[in-house]
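Trainee: Structure: coords.txt, compact mmCIF, C-alpha atoms and all ligand atoms.
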# COMPACT_ATOMS: atom_id res chain seq x y z
CA MET A 21 -55.44 29.12 -10.60
CA ILE A 22 -56.14 27.82 -14.10
CA GLU A 23 -52.92 27.76 -16.13
CA GLU A 24 -54.25 27.72 -19.66
CA ASN A 25 -50.91 28.57 -21.23
CA LYS A 26 -49.57 25.20 -20.08
CA SER A 27 -50.30 21.84 -21.75
CA LEU A 28 -52.78 19.43 -20.18
CA ALA A 29 -49.90 17.11 -19.28
CA GLU A 30 -48.09 19.96 -17.51
CA ARG A 31 -51.28 20.75 -15.60
CA GLY A 32 -51.83 17.07 -14.76
CA ASP A 33 -50.34 17.18 -11.28
CA ARG A 34 -53.78 17.67 -9.70
CA VAL A 35 -54.91 14.23 -10.84
CA LEU A 36 -53.46 10.75 -10.60
CA PRO A 37 -51.34 10.22 -13.73
CA PRO A 38 -52.65 7.83 -16.39
CA ALA A 39 -51.46 4.37 -15.41
CA ALA A 40 -50.68 3.38 -18.99
CA ASN A 41 -48.40 6.19 -20.15
CA ARG A 42 -46.85 7.63 -17.04
CA ALA A 43 -43.62 8.66 -18.75
CA THR A 44 -45.02 10.19 -21.91
CA LYS A 45 -48.30 11.82 -21.12
CA ILE A 46 -50.48 13.20 -23.85
CA GLY A 47 -53.44 15.52 -23.65
CA VAL A 48 -56.24 14.49 -26.01
CA MET A 49 -58.47 17.11 -27.61
CA LYS A 50 -60.45 15.12 -30.14
CA ALA A 51 -61.29 11.49 -30.89
CA TYR A 52 -62.96 9.85 -33.90
CA GLY A 53 -62.85 6.33 -35.36
CA SER A 54 -59.51 4.77 -34.43
CA THR A 55 -57.85 8.17 -34.14
CA ILE A 56 -57.20 10.63 -31.35
CA GLU A 57 -55.60 14.06 -31.67
CA ASP A 58 -53.44 15.74 -29.05
CA GLU A 59 -53.11 19.42 -28.18
CA SER A 60 -50.61 20.08 -30.94
CA GLY A 61 -52.89 18.46 -33.52
CA LYS A 62 -50.71 15.34 -33.72
CA LYS A 63 -52.75 12.25 -34.62
CA TYR A 64 -52.42 8.88 -32.97
CA LEU A 65 -53.92 5.51 -33.80
CA ASP A 66 -55.67 4.57 -30.58
CA PHE A 67 -55.01 0.86 -30.23
CA ALA A 68 -55.87 0.98 -26.54
CA SER A 69 -59.51 1.90 -27.22
CA GLY A 70 -59.92 2.96 -23.60
CA VAL A 71 -58.83 -0.61 -22.72
CA GLY A 72 -61.52 -2.14 -24.87
CA VAL A 73 -64.24 0.48 -24.48
CA ASN A 74 -64.38 2.05 -27.93
CA ASN A 75 -65.20 -1.15 -29.76
CA VAL A 76 -67.12 0.75 -32.45
CA GLY A 77 -64.48 3.48 -32.59
CA HIS A 78 -64.56 6.92 -31.03
CA CYS A 79 -67.65 9.06 -31.51
CA HIS A 80 -69.46 6.79 -33.93
CA PRO A 81 -72.14 8.97 -35.61
CA GLU A 82 -74.89 6.45 -34.84
CA VAL A 83 -73.97 6.42 -31.15
CA ILE A 84 -73.95 10.21 -31.09
CA GLU A 85 -77.35 10.35 -32.78
CA ALA A 86 -78.90 7.84 -30.35
CA VAL A 87 -77.49 9.76 -27.39
CA LYS A 88 -78.75 13.09 -28.72
CA GLN A 89 -82.24 11.69 -29.18
CA GLN A 90 -82.16 10.30 -25.66
CA LEU A 91 -80.96 13.61 -24.23
CA ASP A 92 -83.97 15.32 -25.80
CA THR A 93 -86.37 13.07 -23.91
CA MET A 94 -84.86 11.97 -20.60
CA ILE A 95 -81.49 12.03 -18.83
CA HIS A 96 -82.12 10.29 -15.56
CA VAL A 97 -84.95 8.51 -13.82
CA GLY A 98 -83.27 5.82 -11.74
CA HIS A 99 -83.91 2.10 -12.12
CA ASN A 100 -84.72 2.05 -8.43
CA VAL A 101 -87.71 4.28 -9.22
CA ALA A 102 -89.31 3.32 -12.54
CA TYR A 103 -89.00 1.64 -15.94
CA TYR A 104 -88.04 3.58 -19.08
CA PRO A 105 -87.63 2.57 -22.74
CA SER A 106 -83.87 2.38 -23.41
CA TYR A 107 -83.36 0.44 -20.16
CA ILE A 108 -86.01 -2.18 -20.93
CA GLN A 109 -85.00 -2.40 -24.60
CA LEU A 110 -81.39 -3.01 -23.69
CA ALA A 111 -82.36 -5.71 -21.19
CA GLU A 112 -84.42 -7.38 -23.95
CA GLU A 113 -81.54 -7.11 -26.42
CA LEU A 114 -79.07 -8.64 -23.96
CA ASN A 115 -81.56 -11.43 -23.27
CA GLU A 116 -81.70 -12.14 -27.01
CA LEU A 117 -77.93 -12.16 -27.26
CA THR A 118 -77.39 -14.49 -24.33
CA GLY A 119 -80.19 -16.95 -24.97
CA THR A 120 -83.27 -15.56 -23.18
CA GLN A 121 -84.65 -16.73 -19.80
CA LYS A 122 -82.15 -14.36 -18.29
CA MET A 123 -82.49 -11.22 -16.20
CA VAL A 124 -80.22 -8.21 -16.32
CA TYR A 125 -79.04 -5.88 -13.60
CA PHE A 126 -77.32 -2.68 -14.74
CA SER A 127 -74.59 -0.80 -12.90
CA ASN A 128 -71.85 1.67 -13.83
CA SER A 129 -68.46 -0.04 -13.99
CA GLY A 130 -66.91 -3.44 -14.47
CA ALA A 131 -65.84 -3.62 -10.84
CA GLU A 132 -69.36 -2.78 -9.70
CA ALA A 133 -70.81 -5.55 -11.88
CA ASN A 134 -68.36 -8.04 -10.37
CA GLU A 135 -69.15 -6.85 -6.84
CA GLY A 136 -72.81 -7.44 -7.60
CA ALA A 137 -72.15 -10.85 -9.16
CA ILE A 138 -70.31 -11.99 -6.03
CA LYS A 139 -73.15 -10.76 -3.82
CA LEU A 140 -75.70 -12.44 -6.05
CA ALA A 141 -73.82 -15.76 -6.00
CA LYS A 142 -73.59 -15.65 -2.21
CA LYS A 143 -77.26 -14.73 -1.92
CA ALA A 144 -78.44 -17.41 -4.35
CA THR A 145 -76.37 -20.26 -2.89
CA LYS A 146 -76.17 -19.12 0.74
CA ARG A 147 -72.51 -20.14 0.64
CA PRO A 148 -69.51 -17.95 1.52
CA ALA A 149 -66.52 -18.90 -0.63
CA ILE A 150 -65.35 -17.68 -4.03
CA LEU A 151 -62.70 -19.27 -6.25
CA SER A 152 -60.86 -17.02 -8.66
CA PHE A 153 -57.60 -17.36 -10.57
CA LYS A 154 -53.99 -16.29 -10.50
CA ARG A 155 -53.37 -13.42 -12.92
CA GLY A 156 -57.14 -12.72 -13.02
CA PHE A 157 -58.30 -9.10 -12.95
CA HIS A 158 -61.78 -8.07 -11.87
CA GLY A 159 -61.54 -4.42 -10.85
CA ARG A 160 -60.34 -2.12 -8.11
CA THR A 161 -63.14 -1.84 -5.58
CA LEU A 162 -62.63 -3.88 -2.42
CA ALA A 163 -64.43 -7.13 -3.28
CA ALA A 164 -63.15 -6.94 -6.87
CA THR A 165 -59.62 -6.39 -5.51
CA SER A 166 -60.10 -9.40 -3.24
CA ILE A 167 -60.57 -11.71 -6.22
CA THR A 168 -57.88 -10.02 -8.37
CA PHE A 169 -54.41 -11.58 -8.64
CA SER A 170 -52.90 -10.01 -11.77
CA SER A 171 -50.43 -7.86 -9.86
CA SER A 172 -49.32 -7.77 -6.23
CA ALA A 173 -49.55 -3.96 -6.48
CA TYR A 174 -53.34 -4.24 -6.68
CA ARG A 175 -53.48 -6.06 -3.34
CA GLN A 176 -50.53 -4.79 -1.32
CA ASP A 177 -51.39 -2.55 1.67
CA TYR A 178 -55.11 -3.36 1.43
CA GLU A 179 -55.16 -5.80 4.33
CA GLY A 180 -58.70 -6.71 5.26
CA LEU A 181 -59.85 -7.89 1.85
CA LEU A 182 -62.81 -10.24 1.46
CA PRO A 183 -62.29 -13.55 3.34
CA SER A 184 -63.01 -16.99 1.81
CA VAL A 185 -61.37 -16.22 -1.53
CA TYR A 186 -59.09 -18.88 -3.05
CA ALA A 187 -56.82 -18.34 -6.06
CA CYS A 188 -56.42 -21.29 -8.42
CA GLU A 189 -54.12 -21.88 -11.39
CA TYR A 190 -55.17 -20.53 -14.80
CA PRO A 191 -53.62 -22.15 -17.89
CA TYR A 192 -50.53 -20.48 -19.32
CA PRO A 193 -49.14 -23.05 -21.77
CA PHE A 194 -46.56 -20.66 -23.21
CA ARG A 195 -45.04 -20.07 -19.78
CA THR A 196 -45.25 -23.60 -18.37
CA GLY A 197 -44.27 -25.27 -21.64
CA LEU A 198 -46.92 -27.94 -21.04
CA SER A 199 -49.34 -29.25 -23.67
CA TYR A 200 -52.93 -28.00 -23.57
CA GLU A 201 -53.96 -31.33 -22.09
CA GLU A 202 -51.33 -31.31 -19.35
CA GLU A 203 -51.93 -27.66 -18.58
CA THR A 204 -55.68 -28.27 -18.19
CA LYS A 205 -54.93 -31.16 -15.86
CA ARG A 206 -52.53 -29.06 -13.76
CA CYS A 207 -55.05 -26.24 -13.35
CA ILE A 208 -58.06 -28.45 -12.62
CA GLN A 209 -55.89 -30.25 -10.09
CA SER A 210 -55.28 -26.91 -8.33
CA ILE A 211 -59.06 -26.50 -7.92
CA ASN A 212 -59.36 -30.00 -6.54
CA GLU A 213 -56.55 -29.26 -4.09
CA VAL A 214 -58.39 -26.17 -2.85
CA PHE A 215 -61.42 -28.40 -2.26
CA GLN A 216 -59.29 -31.01 -0.52
CA TYR A 217 -57.24 -28.78 1.77
CA GLN A 218 -58.88 -25.37 2.06
CA VAL A 219 -62.63 -25.25 1.52
CA ALA A 220 -65.26 -27.91 0.87
CA PRO A 221 -67.02 -27.48 -2.50
CA SER A 222 -70.32 -27.35 -0.61
CA GLN A 223 -69.13 -24.01 0.82
CA VAL A 224 -68.26 -22.47 -2.54
CA ALA A 225 -70.76 -19.97 -3.97
CA ALA A 226 -69.00 -19.26 -7.26
CA ILE A 227 -66.01 -19.73 -9.49
CA ILE A 228 -65.24 -16.49 -11.31
CA LEU A 229 -62.91 -16.15 -14.28
CA GLU A 230 -62.20 -14.28 -17.48
CA PRO A 231 -62.72 -16.63 -20.47
CA VAL A 232 -59.62 -14.98 -21.92
CA GLN A 233 -57.39 -13.32 -19.32
CA GLY A 234 -56.96 -9.62 -20.04
CA GLU A 235 -54.70 -7.70 -17.65
CA GLY A 236 -53.02 -11.03 -16.81
CA GLY A 237 -51.49 -11.24 -20.30
CA TYR A 238 -54.08 -11.93 -23.03
CA ILE A 239 -54.07 -15.63 -22.33
CA VAL A 240 -56.51 -17.94 -24.12
CA PRO A 241 -57.16 -21.10 -22.10
CA PRO A 242 -57.81 -24.53 -23.63
CA LYS A 243 -61.51 -25.18 -24.33
CA GLU A 244 -61.29 -28.27 -22.20
CA PHE A 245 -60.31 -26.18 -19.16
CA LEU A 246 -63.54 -24.18 -19.28
CA LYS A 247 -65.58 -27.32 -20.00
CA GLN A 248 -64.16 -29.08 -16.95
CA ILE A 249 -64.81 -26.04 -14.76
CA ARG A 250 -68.43 -26.08 -15.94
CA GLU A 251 -68.61 -29.75 -14.93
CA ILE A 252 -67.14 -29.04 -11.50
CA CYS A 253 -69.71 -26.29 -10.97
CA ASP A 254 -72.58 -28.55 -12.05
CA GLN A 255 -71.37 -31.35 -9.84
CA HIS A 256 -71.20 -29.21 -6.70
CA GLY A 257 -73.96 -26.65 -7.21
CA ILE A 258 -71.39 -23.87 -7.63
CA LEU A 259 -72.28 -20.89 -9.83
CA LEU A 260 -69.98 -20.12 -12.74
CA ILE A 261 -69.33 -16.41 -13.32
CA PHE A 262 -67.65 -15.24 -16.50
CA ASP A 263 -66.19 -11.76 -16.29
CA GLU A 264 -66.41 -10.50 -19.88
CA VAL A 265 -65.85 -6.87 -19.02
CA GLN A 266 -62.86 -6.76 -21.37
CA THR A 267 -63.65 -9.65 -23.73
CA GLY A 268 -67.29 -8.76 -24.40
CA PHE A 269 -68.97 -6.87 -27.22
CA GLY A 270 -67.13 -8.05 -30.30
CA ARG A 271 -63.64 -7.76 -28.89
CA THR A 272 -62.75 -11.40 -29.64
CA GLY A 273 -64.60 -11.64 -32.96
CA LYS A 274 -67.80 -12.93 -31.30
CA MET A 275 -70.30 -10.91 -29.31
CA PHE A 276 -69.05 -12.67 -26.16
CA ALA A 277 -65.85 -14.67 -25.76
CA TYR A 278 -67.59 -17.65 -24.15
CA GLU A 279 -69.13 -18.40 -27.56
CA HIS A 280 -65.66 -19.57 -28.70
CA PHE A 281 -65.61 -22.24 -26.01
CA GLY A 282 -69.13 -23.65 -26.09
CA VAL A 283 -69.40 -23.17 -22.33
CA GLU A 284 -72.08 -20.99 -20.76
CA PRO A 285 -71.85 -19.26 -17.41
CA ASP A 286 -74.62 -18.92 -14.83
CA ILE A 287 -73.74 -15.28 -14.35
CA LEU A 288 -72.09 -13.01 -16.91
CA THR A 289 -70.60 -9.62 -16.13
CA LEU A 290 -70.16 -6.99 -18.82
CA GLY A 291 -68.87 -3.44 -19.04
CA LYS A 292 -66.44 -1.35 -21.09
CA GLY A 293 -67.49 -1.90 -24.76
CA ILE A 294 -71.16 -2.11 -23.83
CA ALA A 295 -71.86 1.62 -24.29
CA SER A 296 -68.88 3.05 -26.20
CA GLY A 297 -67.64 5.18 -23.32
CA PHE A 298 -70.81 5.98 -21.39
CA PRO A 299 -70.67 4.49 -17.90
CA LEU A 300 -72.59 1.22 -17.94
CA SER A 301 -72.07 -2.36 -16.86
CA ALA A 302 -74.35 -5.35 -16.55
CA ILE A 303 -74.86 -8.57 -14.69
CA ILE A 304 -76.78 -11.12 -16.73
CA ALA A 305 -77.95 -14.15 -14.78
CA LYS A 306 -80.29 -17.03 -15.22
CA LYS A 307 -83.75 -15.88 -14.14
CA GLU A 308 -84.00 -18.24 -11.19
CA ILE A 309 -80.70 -16.91 -9.84
CA MET A 310 -81.40 -13.19 -10.32
CA GLU A 311 -84.84 -13.60 -8.75
CA LYS A 312 -83.10 -14.41 -5.46
CA TRP A 313 -82.55 -10.67 -5.21
CA GLU A 314 -85.75 -9.39 -3.64
CA PRO A 315 -86.50 -5.91 -5.02
CA GLY A 316 -84.52 -3.45 -2.94
CA THR A 317 -81.87 -5.98 -1.89
CA HIS A 318 -79.41 -4.66 -4.44
CA GLY A 319 -79.47 -1.38 -6.33
CA GLY A 320 -77.75 1.86 -7.24
CA THR A 321 -78.53 5.40 -8.26
CA TYR A 322 -77.17 5.59 -11.80
CA GLY A 323 -77.10 2.00 -13.07
CA GLY A 324 -78.90 1.66 -16.39
CA ASN A 325 -78.90 5.40 -17.01
CA PRO A 326 -81.13 6.16 -20.06
CA VAL A 327 -78.32 7.84 -22.01
CA SER A 328 -75.87 4.99 -21.42
CA CYS A 329 -78.55 2.45 -22.42
CA ALA A 330 -79.29 4.37 -25.64
CA ALA A 331 -75.56 4.42 -26.45
CA ALA A 332 -75.42 0.68 -25.75
CA LEU A 333 -78.34 -0.11 -28.07
CA ALA A 334 -76.68 1.81 -30.92
CA SER A 335 -73.27 0.23 -30.22
CA ILE A 336 -74.71 -3.30 -30.28
CA GLU A 337 -76.42 -2.57 -33.63
CA ILE A 338 -73.12 -1.48 -35.15
CA LEU A 339 -71.31 -4.50 -33.74
CA LYS A 340 -73.94 -6.90 -35.10
CA ARG A 341 -73.95 -5.24 -38.52
CA GLU A 342 -70.21 -4.91 -39.11
CA GLY A 343 -68.00 -4.82 -36.00
CA ILE A 344 -67.97 -8.49 -35.08
CA ASP A 345 -67.23 -9.69 -38.61
CA ASN A 346 -64.54 -7.06 -38.95
CA ALA A 347 -62.94 -8.05 -35.63
CA GLN A 348 -62.88 -11.66 -36.76
CA THR A 349 -61.50 -11.03 -40.24
CA LEU A 350 -59.05 -8.29 -39.42
CA GLY A 351 -58.10 -10.00 -36.16
CA GLY A 352 -56.90 -12.97 -38.22
CA TYR A 353 -55.10 -10.63 -40.59
CA LEU A 354 -53.36 -8.76 -37.75
CA LYS A 355 -52.30 -11.97 -36.08
CA GLN A 356 -50.72 -13.16 -39.31
CA GLN A 357 -48.76 -9.90 -39.62
CA LEU A 358 -47.54 -10.36 -36.08
CA PHE A 359 -46.60 -14.00 -36.72
CA ASP A 360 -44.52 -12.71 -39.64
CA LEU A 361 -42.74 -10.31 -37.30
CA GLN A 362 -42.21 -13.17 -34.87
CA SER A 363 -40.39 -15.20 -37.51
CA GLU A 364 -38.25 -12.19 -38.43
CA PHE A 365 -37.25 -10.85 -35.00
CA ALA A 366 -35.80 -12.50 -31.93
CA GLY A 367 -37.56 -11.77 -28.67
CA ILE A 368 -41.17 -12.34 -29.74
CA GLY A 369 -41.88 -15.46 -27.74
CA ASP A 370 -45.59 -15.75 -28.40
CA VAL A 371 -48.35 -14.13 -30.45
CA ARG A 372 -51.81 -15.03 -29.17
CA GLY A 373 -55.38 -13.90 -28.76
CA LEU A 374 -58.81 -13.99 -30.31
CA GLY A 375 -60.30 -11.47 -32.73
CA LEU A 376 -58.87 -8.04 -32.01
CA MET A 377 -57.64 -8.94 -28.55
CA ILE A 378 -54.06 -9.83 -29.39
CA GLY A 379 -50.98 -9.96 -27.19
CA ILE A 380 -47.32 -10.34 -28.12
CA GLU A 381 -45.19 -11.75 -25.34
CA PHE A 382 -41.52 -10.78 -25.34
CA THR A 383 -38.81 -12.90 -23.79
CA ASP A 384 -35.03 -12.45 -23.51
CA GLU A 385 -32.30 -14.84 -24.70
CA LYS A 386 -32.94 -17.04 -21.66
CA GLY A 387 -36.67 -17.15 -22.28
CA SER A 388 -37.41 -14.92 -19.26
CA PRO A 389 -40.06 -12.17 -19.43
CA ASP A 390 -38.63 -9.05 -21.10
CA ALA A 391 -40.53 -6.02 -19.84
CA SER A 392 -37.88 -3.49 -20.84
CA THR A 393 -38.19 -4.28 -24.57
CA VAL A 394 -41.96 -4.04 -24.30
CA ASN A 395 -41.73 -0.70 -22.55
CA TRP A 396 -39.27 0.58 -25.15
CA LEU A 397 -41.55 -0.52 -28.00
CA LYS A 398 -44.63 0.99 -26.36
CA ASN A 399 -42.84 4.34 -26.08
CA PHE A 400 -41.43 4.08 -29.61
CA ALA A 401 -44.94 3.40 -30.93
CA LEU A 402 -46.36 6.35 -29.01
CA GLU A 403 -43.70 8.65 -30.42
CA HIS A 404 -44.55 7.35 -33.89
CA GLY A 405 -48.28 7.87 -33.48
CA VAL A 406 -49.59 4.53 -32.22
CA ILE A 407 -50.98 4.05 -28.73
CA LEU A 408 -50.39 0.55 -27.41
CA LEU A 409 -50.75 -0.85 -23.91
CA THR A 410 -48.89 -3.55 -22.07
CA CYS A 411 -50.28 -6.34 -19.90
CA GLY A 412 -49.16 -9.48 -18.10
CA THR A 413 -48.02 -9.92 -14.53
CA GLU A 414 -44.46 -9.16 -15.68
CA LYS A 415 -45.56 -6.36 -18.04
CA ASN A 416 -43.87 -8.15 -20.92
CA VAL A 417 -46.90 -8.43 -23.20
CA LEU A 418 -47.68 -5.75 -25.76
CA ARG A 419 -51.37 -5.68 -26.48
CA PHE A 420 -53.36 -4.69 -29.52
CA ILE A 421 -56.97 -3.64 -28.80
CA PRO A 422 -58.03 -1.51 -31.75
CA PRO A 423 -61.72 -0.77 -32.28
CA ALA A 424 -63.65 -3.63 -33.89
CA THR A 425 -64.37 -1.17 -36.70
CA VAL A 426 -60.66 -0.55 -37.39
CA LEU A 427 -59.52 -0.34 -41.03
CA LYS A 428 -56.98 -2.67 -42.60
CA GLU A 429 -54.76 0.31 -43.51
CA GLU A 430 -54.74 1.37 -39.86
CA LEU A 431 -53.55 -2.08 -38.80
CA ASP A 432 -50.87 -1.95 -41.51
CA GLN A 433 -49.69 1.41 -40.22
CA ALA A 434 -49.43 0.14 -36.64
CA VAL A 435 -47.61 -3.03 -37.71
CA SER A 436 -45.14 -1.03 -39.78
CA VAL A 437 -44.38 1.22 -36.78
CA LEU A 438 -43.83 -1.86 -34.64
CA LYS A 439 -41.58 -3.34 -37.31
CA GLU A 440 -39.53 -0.15 -37.46
CA GLY A 441 -39.14 -0.27 -33.67
CA LEU A 442 -38.05 -3.90 -33.81
CA GLN A 443 -35.54 -3.06 -36.56
CA GLN A 444 -34.06 -0.28 -34.46
CA LEU A 445 -33.80 -2.59 -31.47
CA ALA A 446 -32.13 -5.26 -33.59
CA LYS A 447 -29.49 -2.74 -34.68
CA LYS A 448 -28.68 -1.71 -31.13
CA GLU A 449 -25.94 -3.66 -29.46
CA SER A 450 -26.29 -2.56 -25.86
CA GLY A 451 -29.80 -2.92 -24.54
CA HIS A 452 -32.78 -0.70 -25.15
CA ALA A 453 -32.17 2.18 -22.80
CA ILE A 454 -32.86 5.11 -25.05
CA TYR A 455 -36.10 6.05 -23.26
N1 LIG B 1 -62.93 -7.03 -15.25
C1 LIG B 1 -62.06 -7.07 -16.27
C2 LIG B 1 -61.82 -8.37 -16.97
C3 LIG B 1 -61.39 -5.92 -16.68
O1 LIG B 1 -60.50 -5.97 -17.68
C4 LIG B 1 -61.65 -4.71 -16.00
C5 LIG B 1 -60.96 -3.41 -16.40
N2 LIG B 1 -59.70 -3.52 -16.93
C6 LIG B 1 -62.57 -4.71 -14.95
C7 LIG B 1 -63.20 -5.89 -14.60
C8 LIG B 1 -62.88 -3.46 -14.17
O2 LIG B 1 -63.68 -2.61 -14.91
P1 LIG B 1 -63.88 -1.10 -14.43
O3 LIG B 1 -62.54 -0.44 -14.59
O4 LIG B 1 -64.93 -0.56 -15.34
O5 LIG B 1 -64.30 -1.15 -13.02
Using structure tokens, write down the structure that the file contains.
Ligand code: PMP

Mentor:
Amino acid sequence: MIEENKSLAERGDRVLPPAANRATKIGVMKAYGSTIEDESGKKYLDFASGVGVNNVGHCHPEVIEAVKQQLDTMIHVGHNVAYYPSYIQLAEELNELTGTQKMVYFSNSGAEANEGAIKLAKKATKRPAILSFKRGFHGRTLAATSITFSSSAYRQDYEGLLPSVYACEYPYPFRTGLSYEEETKRCIQSINEVFQYQVAPSQVAAIILEPVQGEGGYIVPPKEFLKQIREICDQHGILLIFDEVQTGFGRTGKMFAYEHFGVEPDILTLGKGIASGFPLSAIIAKKEIMEKWEPGTHGGTYGGNPVSCAAALASIEILKREGIDNAQTLGGYLKQQLFDLQSEFAGIGDVRGLGLMIGIEFTDEKGSPDASTVNWLKNFALEHGVILLTCGTEKNVLRFIPPATVLKEELDQAVSVLKEGLQQLAKKESGHAIY
């Protein structure tokens, strides 16, 4: 029975609840720019952006126009069957953006791209093992789960995950208290120890990592760490896979996050922001690697759907024209505002990130992760019209992921809500348990 007199949230018991806002569910009726509206007409600033999907904002008119034009000509053909314009054009565009001599394989989700990247690395090297990193997140399908270590909840009760996966240390200077140099050394050492005690480098197909960890806590590693990983890969014939599903498409103030580090991967996986909400993901690999996939060896029904590709082409245009610059400039501005809050309020241990991928890590008086404050602030923000997400293995990082096209006034509004929340918390004497 359809119960239309009830709210969407009240009718939500037939679906899994949204992971992000389990306690305070909202039903969204409309979305535009950085704003979404709920069933009562209340407006929220959407600083979750579908976890980094709506990088050009919701329902950008140019994306809508491109999609409408595509719908008038073709909805589905199947890349297993034939070529079609938006698919080829997008592959050409991505080649341009990543330095040509590449080939692209399109799929539907970030997890699916990572699954494919692992298969491709195994196929190309004829080796079994994969190295990934603690706190890394790569998706929820089985192989993606196998290389994901950002929460035990993602792995528990899924016995029978992919074998030959080894989790290494990823830099976390704020948590370890070590210098960038020492932290790099510690983490590279963990890779060498895997080689020494667990699997010979000659058996390793790929090292996969996020150039900035997303779900793991918005952690930016030292440049030197990525450079040394590149060297290890070159030395042992191991393929380097960067998972830029969350960091890609302007999120960090560059088209791709790896541009900040001057280190290039052999295989790049992309998703989320690529098509502003239409299902699409991509694997971009050096030509000689991708060619190891004989036609028919890997494929899928919907990957590279014409409508998604048209949305992607329009989204990339907008990012190139204004989004990336905006993410860089306003990302710096937002970070400064958050640094100001850090100097005013106790509990903000660290403010970090690149572009508009910014995390604020909260710690208690002893310096331990403080998830309850973060949860309180997230709920306070939601009540006051700002949607924020948390991240980090201890859920003590509040993350800002507004669209790359966000306005300065919208950032100011969100920061002032956060400040009000922090002021209220500061006034309270006994904990934060009002939610
Ligand atoms: N990789 C990274 C870095 C991600 O952040 C995510 C999603 N949070 C994924 C992969 C999985 O993407 P999807 O949910 O589209 O499968």

Trainee: My list of candidates is A:Cys253, A:Leu162, A:Cys329, A:Ala102. Which is closest to ligand LIG 1 (chain B) when distances are computed with all atoms listed in the file?

Mentor: A:Leu162

Trainee: Give the residue list for ligand LIG 1 (chain B) at 8 Å, counting all atoms listed in the file, as a list in words, sorted by chain and then by residue number.

Mentor: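 Selection of residues at most 8 Å from ligand LIG 1 (chain B): Val71, Asn128, Ser129, Gly130, Ala131, Glu132, Ala133, Asn134, Gly156, Phe157, His158, Gly159, Arg160, Thr161, Ala164, Glu230, Gln233, Gly234, Glu235, Asp263, Glu264, Val265, Gln266, Thr267, Gly291, Lys292 and Ser301 of chain A.
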
Trainee: A:Lys274, A:Lys122, A:Arg175, A:Lys398: which is nearest Ala305 (chain A), counting all atoms listed in the file?

Mentor: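 Using all atoms listed in the file, Ala305 (chain A) sits closest to A:Lys122.
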
Trainee: Of the candidates A:Ile108, A:Ala332, A:Leu65, A:Met94, which shows the shortest atom-to-atom distance to Pro299 (chain A), using all atoms listed in the file?

Mentor: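 Of A:Ile108, A:Ala332, A:Leu65, A:Met94, the one nearest Pro299 (chain A) is A:Ala332, counting all atoms listed in the file.
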
Trainee: Identify which of the residues A:Pro242, A:Gly379, A:Phe298, A:Arg372 lies closest to Ser199 (chain A), counting all atoms listed in the file when measuring atom-to-atom distances.

Mentor: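 Selected residue with least distance to Ser199 (chain A): A:Pro242.
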
Trainee: Within 8 Å of region 188-198 of chain A, counting only C-alpha atoms, which residues qualify if same-chain residues fewer than 3 places away don't, as a ChimeraX atom specification?

Mentor: /A:151-155,201-204,206-208,210-211,214,239,241-242,245,370

Trainee: From the set A:Ala149, A:Gly375, A:Gly320, A:Asp360, which residue has the shortest atom-to-atom contact distance to Val240 (chain A), counting all atoms listed in the file?

Mentor: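 Residue with the minimum atom-to-atom distance to Val240 (chain A): A:Gly375.
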
Trainee: Compute the distance from (-50.8, -3.4, -22.6) to each atom, counting all atoms listed in the file, keep the residues with any atom at most 10 Å away, and return them as a PyMOL selection string; use the coordinates of the file.

Mentor: chain A and resi 40+67-68+71+234-238+378-380+394-395+398+407-412+415-421

Trainee: Kindly export the residues of the current selection with C-alpha atoms, as a compact mmCIF listing (two decimals), in the coordinates of the input.

Mentor:
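The resulting file, selection.txt, is reproduced below:
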# COMPACT_ATOMS: atom_id res chain seq x y z
CA ALA A 40 -50.68 3.38 -18.99
CA PHE A 67 -55.01 0.86 -30.23
CA ALA A 68 -55.87 0.98 -26.54
CA VAL A 71 -58.83 -0.61 -22.72
CA GLY A 234 -56.96 -9.62 -20.04
CA GLU A 235 -54.70 -7.70 -17.65
CA GLY A 236 -53.02 -11.03 -16.81
CA GLY A 237 -51.49 -11.24 -20.30
CA TYR A 238 -54.08 -11.93 -23.03
CA ILE A 378 -54.06 -9.83 -29.39
CA GLY A 379 -50.98 -9.96 -27.19
CA ILE A 380 -47.32 -10.34 -28.12
CA VAL A 394 -41.96 -4.04 -24.30
CA ASN A 395 -41.73 -0.70 -22.55
CA LYS A 398 -44.63 0.99 -26.36
CA ILE A 407 -50.98 4.05 -28.73
CA LEU A 408 -50.39 0.55 -27.41
CA LEU A 409 -50.75 -0.85 -23.91
CA THR A 410 -48.89 -3.55 -22.07
CA CYS A 411 -50.28 -6.34 -19.90
CA GLY A 412 -49.16 -9.48 -18.10
CA LYS A 415 -45.56 -6.36 -18.04
CA ASN A 416 -43.87 -8.15 -20.92
CA VAL A 417 -46.90 -8.43 -23.20
CA LEU A 418 -47.68 -5.75 -25.76
CA ARG A 419 -51.37 -5.68 -26.48
CA PHE A 420 -53.36 -4.69 -29.52
CA ILE A 421 -56.97 -3.64 -28.80

Trainee: When you look at Ile344 (chain A) with a cut-off of 12 Å (counting only C-alpha atoms), what residues show up, excluding the ones that are within fewer than 3 positions of it in the same chain? I need them as a PyMOL selection string.

Mentor: chain A and resi 75-76+268-277+335-341+347-351+374-376+423-426

Trainee: Taking 6 positions as the minimum chain separation for residues in the same chain, which residues sit within 9 Å of Leu114 (chain A) when counting all atoms listed in the file? Answer as a list in words.

Mentor: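 So the residues in contact are Thr120, Lys122, Met123, Val124 and Ile304 of chain A.
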